[in-house]
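For reference, the structure discussed in these notes is given below.
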Amino acid sequence: MSDPVIFTSATPNYSLPFLFAGQAQKEFFVNQSHTRMDTLVHTAIVGRSASSPASSNDGDSWLVDSSPSGEWAGFEGQIATRVGTEWSFIQPRAGMRVFDQQTGQMLLFDGAWQSADAPPQPQNGTTIDAEARQAITEIISELRNLGIFARS
């Protein structure tokens, strides 16, 4: 389900609703903003899926995968967050990063979600340099620990 209200006065990047003088039900607008900020600050997704999971906890966020269906139809590439009994969707912007808990990897949005692939570790070759191989293996390991490459 999309957001139940279209805000006519909101922030340009993530549509956080503004309050205005004399506004009724200010708590609704403030709560909408808090919900969006709760998702956007240090975003961690449970994983990727093309449809909403059968069960999810309040606050769980997912990356809507390609060819979404059901409640998520039309929200491909967006972040879906469970808020009570509904799903709230956030359109990513260039430079947005999320942590994928399933793979242990950071994802970057730049028109599409991107992730780094680890290079293969050296195996054979005509000249074997054990120190160089060990250094490359340690670099790859550290990049995995930092979430740049997926954990294997």
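Chain lettering (A, B, ...) mirrors the order of the structure tokens, residue numbering begins at 1 for each chain separately, and ligand numbering begins at 1 in order of display.
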
Check your understanding: If we count only C-alpha atoms, what is near Gln134 in chain A at a cut-off of 10 Å, once residues fewer than 5 positions away on the same chain are taken out, given as a PyMOL selection string?
Key -> chain A and resi 121-122+129+139-140

Check your understanding: What's the 8 Å shell around Pro17 in chain A, counting only C-alpha atoms, without same-chain residues fewer than 4 positions away, as a PyMOL selection string?
Key -> chain A and resi 7+9-11+29-30+32-33

Take the residues from that selection and write them out as a short mmCIF file (atom, residue, chain, number, x, y, z; two decimals), in the first residue's frame, keeping N, CA and C atoms.
data_model
loop_
_atom_site.label_atom_id
_atom_site.label_comp_id
_atom_site.auth_asym_id
_atom_site.auth_seq_id
_atom_site.Cartn_x
_atom_site.Cartn_y
_atom_site.Cartn_z
N PHE A 7 1.23 14.58 0.60
CA PHE A 7 1.52 15.83 1.27
C PHE A 7 1.82 16.91 0.24
N SER A 9 2.88 19.94 0.98
CA SER A 9 3.99 20.75 1.43
C SER A 9 4.95 19.84 2.20
N ALA A 10 6.06 19.48 1.52
CA ALA A 10 6.98 18.51 2.10
C ALA A 10 8.41 18.81 1.66
N THR A 11 9.37 18.17 2.35
CA THR A 11 10.77 18.36 2.00
C THR A 11 11.03 17.79 0.60
N PHE A 29 1.13 14.36 10.97
CA PHE A 29 2.22 14.78 10.11
C PHE A 29 3.58 14.53 10.76
N VAL A 30 3.67 14.82 12.05
CA VAL A 30 4.92 14.58 12.78
C VAL A 30 5.21 13.09 12.82
N GLN A 32 4.26 10.81 10.68
CA GLN A 32 4.67 10.38 9.34
C GLN A 32 6.15 10.69 9.12
N SER A 33 6.58 11.87 9.53
CA SER A 33 7.99 12.26 9.39
C SER A 33 8.89 11.35 10.22
#

Can you write out as a tab-separated table which residues of range 79-151 of chain A fall within 10 Å of range 53-61 of chain A, alongside each residue's closest atom pair and its distance in Å to one decimal, counting only C-alpha atoms and ordering rows by chain and ascending residue number?
residue	atom	partner	partner_atom	distance
A:Ile79	CA	A:Ser61	CA	6.5
A:Ala80	CA	A:Ser61	CA	5.4
A:Thr81	CA	A:Ser61	CA	4.2
A:Arg82	CA	A:Gly59	CA	5.1
A:Val83	CA	A:Asp58	CA	5.4
A:Gly84	CA	A:Asp58	CA	5.7
A:Thr85	CA	A:Asp58	CA	8.0
A:Glu86	CA	A:Asp58	CA	9.2
A:Trp87	CA	A:Ser61	CA	9.2
A:Ser88	CA	A:Ser61	CA	9.2
A:Phe89	CA	A:Ser61	CA	9.3
A:Asp100	CA	A:Ser61	CA	9.8

Output C-alpha atoms of each residue in that selection to a file, as a PDB file, in the first residue's frame.
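File again23.pdb, as written:
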ATOM      1  CA  ILE A  79      12.550   0.510   0.373  1.00  0.00           C
ATOM      2  CA  ALA A  80       9.439  -1.079   1.917  1.00  0.00           C
ATOM      3  CA  THR A  81       9.090  -0.703   5.691  1.00  0.00           C
ATOM      4  CA  ARG A  82       6.469  -2.392   7.850  1.00  0.00           C
ATOM      5  CA  VAL A  83       4.605   0.220   9.909  1.00  0.00           C
ATOM      6  CA  GLY A  84       1.918  -1.427  12.008  1.00  0.00           C
ATOM      7  CA  THR A  85      -0.222  -3.382   9.555  1.00  0.00           C
ATOM      8  CA  GLU A  86       0.775  -1.382   6.464  1.00  0.00           C
ATOM      9  CA  TRP A  87       3.814  -0.982   4.207  1.00  0.00           C
ATOM     10  CA  SER A  88       5.422   2.420   3.730  1.00  0.00           C
ATOM     11  CA  PHE A  89       7.605   2.964   0.642  1.00  0.00           C
ATOM     12  CA  ASP A 100      21.712  -5.779   3.539  1.00  0.00           C
TER      13      ASP A 100
END

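Nearest to Gly147 in chain A of all the residues A:Val46, A:Ala118, A:Ala24, A:Leu16 is A:Ala118, based on only C-alpha atoms.
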
Review point. Do you know which residues are at most 6 Å from Ala150 in chain A counting only C-alpha atoms, after dropping those on the same chain fewer than 6 positions away, and could you put them as a PyMOL selection string?
Key: chain A and resi 103-105+144

Would you save the residues from that selection as a CSV table (one decimal), in the first residue's frame, using N, CA and C atoms?
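Output contents, as saved in selection.csv:
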chain,number,residue,atom,x,y,z
A,103,THR,N,23.1,-10.5,3.3
A,103,THR,CA,24.4,-10.7,2.7
A,103,THR,C,25.5,-10.1,3.5
A,104,GLY,N,25.2,-9.2,4.4
A,104,GLY,CA,26.2,-8.5,5.2
A,104,GLY,C,27.0,-7.5,4.3
A,105,GLN,N,26.3,-6.9,3.3
A,105,GLN,CA,27.0,-6.1,2.4
A,105,GLN,C,26.2,-4.7,2.3
A,144,ARG,N,35.3,-7.6,2.9
A,144,ARG,CA,34.1,-8.4,3.3
A,144,ARG,C,33.7,-7.9,4.7

Could you give me, as a CSV table (one decimal) with C-alpha atoms, in the first residue's frame, the residues within 7 Å of Gly77 in chain A, counting only C-alpha atoms and dropping anything in the same chain fewer than 5 positions from it?
chain,number,residue,atom,x,y,z
A,63,LEU,CA,14.4,-3.8,-0.8
A,64,VAL,CA,11.6,-4.3,-3.4
A,65,ASP,CA,13.2,-6.6,-6.0

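Closest approach to Phe109 in chain A among A:Thr126, A:Arg93, A:Ala50, A:Glu131 is made by A:Arg93 (distances from only C-alpha atoms).
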
**Study point:** Interatomic distance, CA of Asp117 in chain A to CA of Asn13 in chain A (Å, one decimal)
**Key:** 29.4 Å

Exercise for review: Name all residues at most 12 Å from Ser66 in chain A (count only C-alpha atoms; drop same-chain ones fewer than 5 positions away) and give them as a PyMOL selection string.
Suggested key: chain A and resi 48-51+72-78+112-113

If you run DSSP on this backbone, which residues of range 31-146 of chain A come out as strand (DSSP E), and could you give them as a JSON list (two decimals) with all heavy atoms, in the first residue's frame?
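File written: selection.json
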[["chain", "number", "residue", "atom", "x", "y", "z"],
["A", 44, "ALA", "N", 18.93, -0.37, 7.34],
["A", 44, "ALA", "CA", 19.32, -1.77, 7.22],
["A", 44, "ALA", "C", 18.11, -2.54, 6.72],
["A", 44, "ALA", "O", 17.02, -2.42, 7.27],
["A", 44, "ALA", "CB", 19.77, -2.32, 8.56],
["A", 45, "ILE", "N", 18.30, -3.27, 5.63],
["A", 45, "ILE", "CA", 17.20, -4.07, 5.08],
["A", 45, "ILE", "C", 17.37, -5.52, 5.51],
["A", 45, "ILE", "O", 18.48, -6.00, 5.70],
["A", 45, "ILE", "CB", 17.12, -3.96, 3.54],
["A", 45, "ILE", "CG1", 18.42, -4.43, 2.88],
["A", 45, "ILE", "CG2", 16.75, -2.54, 3.12],
["A", 45, "ILE", "CD1", 18.36, -4.56, 1.37],
["A", 48, "ARG", "N", 16.18, -8.79, 0.10],
["A", 48, "ARG", "CA", 15.47, -8.38, -1.12],
["A", 48, "ARG", "C", 14.32, -9.35, -1.36],
["A", 48, "ARG", "O", 14.46, -10.55, -1.12],
["A", 48, "ARG", "CB", 16.40, -8.45, -2.32],
["A", 48, "ARG", "CG", 17.54, -7.49, -2.29],
["A", 48, "ARG", "CD", 18.45, -7.76, -3.49],
["A", 48, "ARG", "NE", 19.60, -6.89, -3.48],
["A", 48, "ARG", "CZ", 19.97, -6.14, -4.50],
["A", 48, "ARG", "NH1", 19.30, -6.18, -5.63],
["A", 48, "ARG", "NH2", 21.02, -5.37, -4.42],
["A", 49, "SER", "N", 13.22, -8.82, -1.85],
["A", 49, "SER", "CA", 12.08, -9.67, -2.18],
["A", 49, "SER", "C", 11.19, -8.95, -3.19],
["A", 49, "SER", "O", 11.14, -7.72, -3.20],
["A", 49, "SER", "CB", 11.27, -9.99, -0.92],
["A", 49, "SER", "OG", 10.19, -10.84, -1.22],
["A", 61, "SER", "N", 12.55, -3.51, 7.21],
["A", 61, "SER", "CA", 12.65, -2.89, 5.89],
["A", 61, "SER", "C", 13.17, -3.90, 4.89],
["A", 61, "SER", "O", 14.05, -4.71, 5.21],
["A", 61, "SER", "CB", 13.60, -1.68, 5.93],
["A", 61, "SER", "OG", 13.06, -0.65, 6.73],
["A", 62, "TRP", "N", 12.66, -3.84, 3.68],
["A", 62, "TRP", "CA", 13.04, -4.74, 2.59],
["A", 62, "TRP", "C", 13.31, -3.91, 1.35],
["A", 62, "TRP", "O", 12.71, -2.85, 1.15],
["A", 62, "TRP", "CB", 11.91, -5.72, 2.28],
["A", 62, "TRP", "CG", 11.69, -6.74, 3.35],
["A", 62, "TRP", "CD1", 10.99, -6.57, 4.51],
["A", 62, "TRP", "CD2", 12.17, -8.07, 3.36],
["A", 62, "TRP", "NE1", 11.01, -7.72, 5.24],
["A", 62, "TRP", "CE2", 11.73, -8.66, 4.56],
["A", 62, "TRP", "CE3", 12.92, -8.83, 2.47],
["A", 62, "TRP", "CZ2", 12.02, -9.98, 4.89],
["A", 62, "TRP", "CZ3", 13.21, -10.14, 2.80],
["A", 62, "TRP", "CH2", 12.77, -10.71, 4.00],
["A", 63, "LEU", "N", 14.17, -4.40, 0.50],
["A", 63, "LEU", "CA", 14.40, -3.80, -0.81],
["A", 63, "LEU", "C", 13.46, -4.51, -1.77],
["A", 63, "LEU", "O", 13.50, -5.74, -1.89],
["A", 63, "LEU", "CB", 15.86, -3.96, -1.25],
["A", 63, "LEU", "CG", 16.21, -3.41, -2.62],
["A", 63, "LEU", "CD1", 15.90, -1.92, -2.72],
["A", 63, "LEU", "CD2", 17.68, -3.64, -2.90],
["A", 64, "VAL", "N", 12.58, -3.75, -2.43],
["A", 64, "VAL", "CA", 11.62, -4.34, -3.36],
["A", 64, "VAL", "C", 12.37, -4.73, -4.64],
["A", 64, "VAL", "O", 12.91, -3.87, -5.34],
["A", 64, "VAL", "CB", 10.46, -3.37, -3.66],
["A", 64, "VAL", "CG1", 9.47, -4.02, -4.62],
["A", 64, "VAL", "CG2", 9.76, -2.96, -2.37],
["A", 79, "ILE", "N", 12.41, 1.11, -0.95],
["A", 79, "ILE", "CA", 12.55, 0.51, 0.37],
["A", 79, "ILE", "C", 11.15, 0.40, 0.96],
["A", 79, "ILE", "O", 10.43, 1.39, 1.07],
["A", 79, "ILE", "CB", 13.43, 1.38, 1.31],
["A", 79, "ILE", "CG1", 14.80, 1.62, 0.70],
["A", 79, "ILE", "CG2", 13.52, 0.74, 2.69],
["A", 79, "ILE", "CD1", 15.67, 0.42, 0.58],
["A", 80, "ALA", "N", 10.74, -0.83, 1.30],
["A", 80, "ALA", "CA", 9.44, -1.08, 1.92],
["A", 80, "ALA", "C", 9.67, -1.32, 3.41],
["A", 80, "ALA", "O", 10.48, -2.16, 3.79],
["A", 80, "ALA", "CB", 8.78, -2.29, 1.28],
["A", 81, "THR", "N", 8.96, -0.57, 4.24],
["A", 81, "THR", "CA", 9.09, -0.70, 5.69],
["A", 81, "THR", "C", 7.73, -1.02, 6.30],
["A", 81, "THR", "O", 6.73, -0.36, 5.98],
["A", 81, "THR", "CB", 9.65, 0.59, 6.32],
["A", 81, "THR", "OG1", 10.92, 0.86, 5.74],
["A", 81, "THR", "CG2", 9.81, 0.46, 7.82],
["A", 82, "ARG", "N", 7.70, -2.00, 7.17],
["A", 82, "ARG", "CA", 6.47, -2.39, 7.85],
["A", 82, "ARG", "C", 6.20, -1.38, 8.95],
["A", 82, "ARG", "O", 7.04, -1.15, 9.83],
["A", 82, "ARG", "CB", 6.63, -3.79, 8.44],
["A", 82, "ARG", "CG", 5.35, -4.35, 8.97],
["A", 82, "ARG", "CD", 4.41, -4.60, 7.84],
["A", 82, "ARG", "NE", 3.27, -5.37, 8.26],
["A", 82, "ARG", "CZ", 2.39, -5.84, 7.40],
["A", 82, "ARG", "NH1", 2.54, -5.63, 6.12],
["A", 82, "ARG", "NH2", 1.37, -6.51, 7.83],
["A", 83, "VAL", "N", 5.03, -0.74, 8.90],
["A", 83, "VAL", "CA", 4.60, 0.22, 9.91],
["A", 83, "VAL", "C", 3.22, -0.22, 10.37],
["A", 83, "VAL", "O", 2.23, -0.02, 9.67],
["A", 83, "VAL", "CB", 4.54, 1.66, 9.35],
["A", 83, "VAL", "CG1", 4.11, 2.63, 10.43],
["A", 83, "VAL", "CG2", 5.87, 2.07, 8.74],
["A", 86, "GLU", "N", 0.62, -1.91, 7.82],
["A", 86, "GLU", "CA", 0.77, -1.38, 6.46],
["A", 86, "GLU", "C", 2.24, -1.38, 6.04],
["A", 86, "GLU", "O", 3.14, -1.51, 6.86],
["A", 86, "GLU", "CB", 0.25, 0.07, 6.40],
["A", 86, "GLU", "CG", -1.17, 0.26, 6.85],
["A", 86, "GLU", "CD", -2.17, -0.23, 5.83],
["A", 86, "GLU", "OE1", -1.88, -0.09, 4.63],
["A", 86, "GLU", "OE2", -3.22, -0.75, 6.23],
["A", 87, "TRP", "N", 2.47, -1.18, 4.75],
["A", 87, "TRP", "CA", 3.81, -0.98, 4.21],
["A", 87, "TRP", "C", 3.97, 0.47, 3.79],
["A", 87, "TRP", "O", 3.07, 1.04, 3.16],
["A", 87, "TRP", "CB", 4.05, -1.89, 3.00],
["A", 87, "TRP", "CG", 4.18, -3.33, 3.39],
["A", 87, "TRP", "CD1", 3.21, -4.29, 3.32],
["A", 87, "TRP", "CD2", 5.33, -3.96, 3.95],
["A", 87, "TRP", "NE1", 3.70, -5.48, 3.79],
["A", 87, "TRP", "CE2", 5.00, -5.30, 4.18],
["A", 87, "TRP", "CE3", 6.61, -3.52, 4.26],
["A", 87, "TRP", "CZ2", 5.90, -6.22, 4.72],
["A", 87, "TRP", "CZ3", 7.51, -4.44, 4.79],
["A", 87, "TRP", "CH2", 7.15, -5.76, 5.01],
["A", 88, "SER", "N", 5.08, 1.06, 4.15],
["A", 88, "SER", "CA", 5.42, 2.42, 3.73],
["A", 88, "SER", "C", 6.59, 2.30, 2.77],
["A", 88, "SER", "O", 7.51, 1.50, 2.99],
["A", 88, "SER", "CB", 5.81, 3.25, 4.96],
["A", 88, "SER", "OG", 6.23, 4.54, 4.58],
["A", 89, "PHE", "N", 6.58, 3.07, 1.68],
["A", 89, "PHE", "CA", 7.61, 2.96, 0.64],
["A", 89, "PHE", "C", 8.40, 4.26, 0.53],
["A", 89, "PHE", "O", 7.83, 5.35, 0.60],
["A", 89, "PHE", "CB", 6.96, 2.64, -0.71],
["A", 89, "PHE", "CG", 6.25, 1.31, -0.70],
["A", 89, "PHE", "CD1", 4.91, 1.24, -0.37],
["A", 89, "PHE", "CD2", 6.93, 0.16, -0.98],
["A", 89, "PHE", "CE1", 4.26, 0.02, -0.33],
["A", 89, "PHE", "CE2", 6.30, -1.06, -0.96],
["A", 89, "PHE", "CZ", 4.95, -1.14, -0.63],
["A", 90, "ILE", "N", 9.70, 4.10, 0.35],
["A", 90, "ILE", "CA", 10.58, 5.26, 0.18],
["A", 90, "ILE", "C", 11.35, 5.09, -1.13],
["A", 90, "ILE", "O", 12.00, 4.07, -1.34],
["A", 90, "ILE", "CB", 11.56, 5.41, 1.36],
["A", 90, "ILE", "CG1", 10.78, 5.71, 2.64],
["A", 90, "ILE", "CG2", 12.61, 6.48, 1.07],
["A", 90, "ILE", "CD1", 11.62, 5.80, 3.88],
["A", 97, "ARG", "N", 22.73, 4.73, 0.76],
["A", 97, "ARG", "CA", 23.35, 3.44, 1.06],
["A", 97, "ARG", "C", 22.48, 2.71, 2.08],
["A", 97, "ARG", "O", 21.92, 3.33, 2.98],
["A", 97, "ARG", "CB", 24.74, 3.63, 1.66],
["A", 97, "ARG", "CG", 25.72, 4.21, 0.68],
["A", 97, "ARG", "CD", 27.09, 4.40, 1.33],
["A", 97, "ARG", "NE", 27.98, 5.12, 0.45],
["A", 97, "ARG", "CZ", 28.74, 4.55, -0.47],
["A", 97, "ARG", "NH1", 28.73, 3.26, -0.62],
["A", 97, "ARG", "NH2", 29.52, 5.28, -1.24],
["A", 98, "VAL", "N", 22.39, 1.40, 1.91],
["A", 98, "VAL", "CA", 21.68, 0.56, 2.87],
["A", 98, "VAL", "C", 22.55, -0.65, 3.18],
["A", 98, "VAL", "O", 23.38, -1.07, 2.36],
["A", 98, "VAL", "CB", 20.29, 0.10, 2.36],
["A", 98, "VAL", "CG1", 19.38, 1.28, 2.09],
["A", 98, "VAL", "CG2", 20.40, -0.78, 1.14],
["A", 99, "PHE", "N", 22.35, -1.21, 4.36],
["A", 99, "PHE", "CA", 23.06, -2.43, 4.74],
["A", 99, "PHE", "C", 22.11, -3.60, 4.58],
["A", 99, "PHE", "O", 21.03, -3.62, 5.17],
["A", 99, "PHE", "CB", 23.54, -2.33, 6.20],
["A", 99, "PHE", "CG", 24.27, -3.55, 6.65],
["A", 99, "PHE", "CD1", 25.56, -3.82, 6.19],
["A", 99, "PHE", "CD2", 23.68, -4.45, 7.52],
["A", 99, "PHE", "CE1", 26.24, -4.95, 6.60],
["A", 99, "PHE", "CE2", 24.36, -5.58, 7.94],
["A", 99, "PHE", "CZ", 25.64, -5.83, 7.48],
["A", 100, "ASP", "N", 22.51, -4.58, 3.77],
["A", 100, "ASP", "CA", 21.71, -5.78, 3.54],
["A", 100, "ASP", "C", 22.11, -6.81, 4.59],
["A", 100, "ASP", "O", 23.21, -7.36, 4.53],
["A", 100, "ASP", "CB", 21.96, -6.31, 2.12],
["A", 100, "ASP", "CG", 21.08, -7.49, 1.76],
["A", 100, "ASP", "OD1", 20.52, -8.15, 2.68],
["A", 100, "ASP", "OD2", 20.95, -7.77, 0.55],
["A", 105, "GLN", "N", 26.31, -6.94, 3.33],
["A", 105, "GLN", "CA", 26.96, -6.05, 2.37],
["A", 105, "GLN", "C", 26.23, -4.73, 2.26],
["A", 105, "GLN", "O", 25.00, -4.67, 2.35],
["A", 105, "GLN", "CB", 26.99, -6.73, 1.00],
["A", 105, "GLN", "CG", 27.71, -5.96, -0.06],
["A", 105, "GLN", "CD", 27.81, -6.75, -1.37],
["A", 105, "GLN", "OE1", 27.00, -7.60, -1.66],
["A", 105, "GLN", "NE2", 28.83, -6.44, -2.14],
["A", 106, "MET", "N", 27.00, -3.67, 2.03],
["A", 106, "MET", "CA", 26.43, -2.35, 1.77],
["A", 106, "MET", "C", 26.00, -2.29, 0.30],
["A", 106, "MET", "O", 26.70, -2.80, -0.58],
["A", 106, "MET", "CB", 27.44, -1.24, 2.03],
["A", 106, "MET", "CG", 27.84, -1.10, 3.49],
["A", 106, "MET", "SD", 26.48, -0.64, 4.59],
["A", 106, "MET", "CE", 26.07, 0.98, 4.02],
["A", 107, "LEU", "N", 24.85, -1.66, 0.06],
["A", 107, "LEU", "CA", 24.36, -1.42, -1.30],
["A", 107, "LEU", "C", 24.32, 0.08, -1.53],
["A", 107, "LEU", "O", 24.01, 0.84, -0.62],
["A", 107, "LEU", "CB", 22.96, -2.01, -1.48],
["A", 107, "LEU", "CG", 22.79, -3.50, -1.15],
["A", 107, "LEU", "CD1", 21.33, -3.89, -1.26],
["A", 107, "LEU", "CD2", 23.64, -4.34, -2.06],
["A", 108, "LEU", "N", 24.61, 0.49, -2.74],
["A", 108, "LEU", "CA", 24.62, 1.91, -3.12],
["A", 108, "LEU", "C", 23.59, 2.13, -4.21],
["A", 108, "LEU", "O", 23.51, 1.36, -5.17],
["A", 108, "LEU", "CB", 26.01, 2.31, -3.63],
["A", 108, "LEU", "CG", 26.11, 3.68, -4.30],
["A", 108, "LEU", "CD1", 25.92, 4.79, -3.28],
["A", 108, "LEU", "CD2", 27.45, 3.82, -5.01],
["A", 109, "PHE", "N", 22.79, 3.21, -4.07],
["A", 109, "PHE", "CA", 21.83, 3.55, -5.12],
["A", 109, "PHE", "C", 22.40, 4.67, -5.97],
["A", 109, "PHE", "O", 22.77, 5.72, -5.48],
["A", 109, "PHE", "CB", 20.48, 3.99, -4.53],
["A", 109, "PHE", "CG", 19.43, 4.20, -5.58],
["A", 109, "PHE", "CD1", 18.73, 3.13, -6.09],
["A", 109, "PHE", "CD2", 19.18, 5.47, -6.08],
["A", 109, "PHE", "CE1", 17.78, 3.30, -7.09],
["A", 109, "PHE", "CE2", 18.24, 5.66, -7.07],
["A", 109, "PHE", "CZ", 17.53, 4.58, -7.57],
["A", 113, "TRP", "N", 20.22, -0.09, -7.70],
["A", 113, "TRP", "CA", 20.99, -0.59, -6.57],
["A", 113, "TRP", "C", 22.21, -1.34, -7.07],
["A", 113, "TRP", "O", 22.11, -2.17, -7.96],
["A", 113, "TRP", "CB", 20.12, -1.49, -5.69],
["A", 113, "TRP", "CG", 19.11, -0.69, -4.94],
["A", 113, "TRP", "CD1", 17.78, -0.57, -5.22],
["A", 113, "TRP", "CD2", 19.34, 0.14, -3.80],
["A", 113, "TRP", "NE1", 17.17, 0.28, -4.32],
["A", 113, "TRP", "CE2", 18.11, 0.74, -3.44],
["A", 113, "TRP", "CE3", 20.47, 0.46, -3.05],
["A", 113, "TRP", "CZ2", 17.99, 1.61, -2.36],
["A", 113, "TRP", "CZ3", 20.35, 1.32, -1.98],
["A", 113, "TRP", "CH2", 19.12, 1.87, -1.64],
["A", 114, "GLN", "N", 23.37, -1.02, -6.50],
["A", 114, "GLN", "CA", 24.63, -1.62, -6.93],
["A", 114, "GLN", "C", 25.36, -2.19, -5.72],
["A", 114, "GLN", "O", 25.23, -1.70, -4.61],
["A", 114, "GLN", "CB", 25.52, -0.57, -7.58],
["A", 114, "GLN", "CG", 24.89, 0.10, -8.77],
["A", 114, "GLN", "CD", 25.74, 1.24, -9.29],
["A", 114, "GLN", "OE1", 26.90, 1.37, -8.95],
["A", 114, "GLN", "NE2", 25.15, 2.08, -10.13]]
